[in-house]
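What follows is a short report on a single structure.
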Amino acid sequence: MSDAEWLTLDVISNGKELVSDSINLPKTGKNGSDITWTISDENIISADGVVNRPDGADTNPTVTLTAKIESQNVTNTKTFEIKVLRILHNDNDIADADASSLSRDRLTHQTGNITANLVLPEKGDFGSD
């Protein structure tokens, strides 16, 4: 598996497209490639992967992360869209955030196909029952 294939949302954010905590922006790939990152809004996600959740925002902002993966004379680029959970102030916001965090991939162990038992969470990532 190449470093470009290895670098996925699983590596960056444990498979989540909506994050509220710091993420992993590796500088080196599994096979030793150099990885440099371009981030569309470093006020929300820093170059070190620290997430600064916005307060007072009406929506969860989307930040584009672009990885430049270089090894010897080969360069690949991968782009990821990550939403950052705004600071939540009421139960409705929390329930909406938990609903957004559910995905088919998450329920099917990232395969997209139902070939094993589903993972049905009893509690939402952000506190909903």
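The chains in the structure tokens are called A, B, ... from first to last as shown; in each chain the residues are counted from 1, and the ligands are counted from 1 in the order shown.
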
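Residues in contact with A:Val74 at 12 Å, where only C-alpha atoms are counted and same-chain residues fewer than 2 positions away are skipped, are listed as Ser2, Asp3, Ala4, Ser33, Asp34, Lys68, Ile69, Glu70, Ser71, Gln72, Asn76 and Thr77 of chain A.
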
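Between A:Lys30 and the residues A:Asn60, A:Ser128, A:Asn73, A:Thr8, the shortest atom-to-atom distance, using only C-alpha atoms, involves A:Thr8.
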
Neighbours of A:Asn43 within 12 Å (only C-alpha atoms; same-chain residues fewer than 3 positions away dropped), as a PyMOL selection string?
chain A and resi 39-40+46-54+61+63+84

If you run DSSP on this backbone, which residues of stretch 46-94 of chain A come out as helix (DSSP H, G or I), and could you give them as a ChimeraX atom specification?
/A:91-94

Strand (DSSP E or B) residues, from DSSP on the backbone, in stretch 6-124 of chain A, as a PyMOL selection string:
chain A and resi 18-19+28+34-39+45+51+62-71+74-84

Can you spit out the residues from that selection as a compact mmCIF listing (two decimals), in the first residue's frame, using N, CA, C and O atoms?
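Below is the file out03.txt, written as the result:
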# COMPACT_ATOMS: atom_id res chain seq x y z
N LEU A 18 -16.85 14.95 10.66
CA LEU A 18 -17.21 16.03 11.58
C LEU A 18 -16.39 15.82 12.84
O LEU A 18 -16.50 14.79 13.51
N VAL A 19 -15.53 16.80 13.16
CA VAL A 19 -14.63 16.64 14.30
C VAL A 19 -14.84 17.75 15.32
O VAL A 19 -15.30 18.85 14.99
N THR A 28 5.03 12.33 8.04
CA THR A 28 5.69 11.24 7.34
C THR A 28 4.69 10.11 7.12
O THR A 28 3.92 9.78 8.02
N ASP A 34 7.47 12.06 2.61
CA ASP A 34 7.28 13.34 3.29
C ASP A 34 5.88 13.85 2.97
O ASP A 34 5.46 13.83 1.80
N ILE A 35 5.17 14.32 4.00
CA ILE A 35 3.83 14.85 3.80
C ILE A 35 3.81 16.29 4.30
O ILE A 35 4.17 16.56 5.45
N THR A 36 3.41 17.20 3.41
CA THR A 36 3.21 18.60 3.81
C THR A 36 1.74 18.94 3.60
O THR A 36 1.10 18.45 2.69
N TRP A 37 1.23 19.80 4.47
CA TRP A 37 -0.20 20.11 4.48
C TRP A 37 -0.46 21.57 4.15
O TRP A 37 0.25 22.46 4.60
N THR A 38 -1.51 21.78 3.38
CA THR A 38 -2.07 23.12 3.16
C THR A 38 -3.47 23.07 3.75
O THR A 38 -4.25 22.16 3.47
N ILE A 39 -3.78 24.07 4.58
CA ILE A 39 -5.05 24.09 5.31
C ILE A 39 -5.78 25.37 4.95
O ILE A 39 -5.22 26.46 5.03
N ILE A 45 -8.33 24.89 12.06
CA ILE A 45 -7.44 23.73 12.22
C ILE A 45 -6.02 24.21 11.98
O ILE A 45 -5.69 24.70 10.90
N VAL A 51 -7.70 21.62 16.74
CA VAL A 51 -9.00 22.11 16.29
C VAL A 51 -9.48 23.20 17.25
O VAL A 51 -9.52 23.00 18.46
N THR A 62 -16.48 24.11 7.14
CA THR A 62 -15.72 23.07 6.45
C THR A 62 -14.32 23.60 6.18
O THR A 62 -14.15 24.72 5.69
N VAL A 63 -13.34 22.78 6.52
CA VAL A 63 -11.94 23.13 6.29
C VAL A 63 -11.38 22.12 5.28
O VAL A 63 -11.58 20.91 5.43
N THR A 64 -10.71 22.63 4.26
CA THR A 64 -10.09 21.77 3.26
C THR A 64 -8.64 21.53 3.64
O THR A 64 -7.88 22.48 3.87
N LEU A 65 -8.28 20.26 3.72
CA LEU A 65 -6.91 19.85 4.03
C LEU A 65 -6.32 19.22 2.77
O LEU A 65 -6.90 18.28 2.22
N THR A 66 -5.21 19.74 2.31
CA THR A 66 -4.55 19.19 1.14
C THR A 66 -3.19 18.66 1.55
O THR A 66 -2.36 19.39 2.09
N ALA A 67 -2.99 17.37 1.29
CA ALA A 67 -1.72 16.72 1.62
C ALA A 67 -0.90 16.56 0.35
O ALA A 67 -1.38 16.05 -0.66
N LYS A 68 0.34 17.01 0.41
CA LYS A 68 1.29 16.79 -0.68
C LYS A 68 2.23 15.70 -0.20
O LYS A 68 2.95 15.86 0.80
N ILE A 69 2.19 14.55 -0.89
CA ILE A 69 2.92 13.35 -0.48
C ILE A 69 4.07 13.16 -1.45
O ILE A 69 3.85 12.93 -2.64
N GLU A 70 5.31 13.24 -0.94
CA GLU A 70 6.48 13.18 -1.81
C GLU A 70 7.44 12.07 -1.38
O GLU A 70 7.76 11.94 -0.20
N SER A 71 7.87 11.28 -2.36
CA SER A 71 8.87 10.25 -2.13
C SER A 71 9.73 10.14 -3.39
O SER A 71 9.20 9.88 -4.48
N VAL A 74 8.45 11.17 -6.98
CA VAL A 74 7.01 11.00 -7.15
C VAL A 74 6.28 11.90 -6.15
O VAL A 74 6.58 11.91 -4.97
N THR A 75 5.30 12.67 -6.68
CA THR A 75 4.47 13.53 -5.84
C THR A 75 3.01 13.22 -6.09
O THR A 75 2.57 13.14 -7.23
N ASN A 76 2.28 13.00 -5.00
CA ASN A 76 0.83 12.82 -5.05
C ASN A 76 0.18 13.88 -4.19
O ASN A 76 0.78 14.37 -3.23
N THR A 77 -1.06 14.21 -4.51
CA THR A 77 -1.83 15.16 -3.72
C THR A 77 -3.17 14.54 -3.37
O THR A 77 -3.81 13.91 -4.21
N LYS A 78 -3.55 14.69 -2.10
CA LYS A 78 -4.87 14.23 -1.65
C LYS A 78 -5.54 15.37 -0.91
O LYS A 78 -4.90 16.10 -0.16
N THR A 79 -6.84 15.48 -1.12
CA THR A 79 -7.62 16.54 -0.48
C THR A 79 -8.71 15.93 0.37
O THR A 79 -9.37 14.96 -0.04
N PHE A 80 -8.91 16.49 1.54
CA PHE A 80 -9.93 16.04 2.48
C PHE A 80 -10.77 17.24 2.91
O PHE A 80 -10.23 18.33 3.10
N GLU A 81 -12.05 17.02 3.04
CA GLU A 81 -12.96 18.04 3.56
C GLU A 81 -13.36 17.60 4.98
O GLU A 81 -13.93 16.52 5.16
N ILE A 82 -13.07 18.43 5.95
CA ILE A 82 -13.40 18.13 7.35
C ILE A 82 -14.31 19.24 7.87
O ILE A 82 -13.99 20.43 7.71
N LYS A 83 -15.42 18.86 8.48
CA LYS A 83 -16.27 19.84 9.15
C LYS A 83 -15.86 19.89 10.61
O LYS A 83 -15.59 18.86 11.23
N VAL A 84 -15.85 21.09 11.16
CA VAL A 84 -15.51 21.29 12.57
C VAL A 84 -16.78 21.67 13.31
O VAL A 84 -17.46 22.63 12.92

Using only C-alpha atoms, which protein or nucleic acid residues come within 12 Å of A:His89? Drop anything in the same chain fewer than 2 positions from it, and give the result as a VMD selection string.
chain A and resid 54 to 58 85 to 87 91 to 97 126

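Going from atom CA of A:Asp129 over to atom CA of A:Ser13, you cover 22.7 Å.
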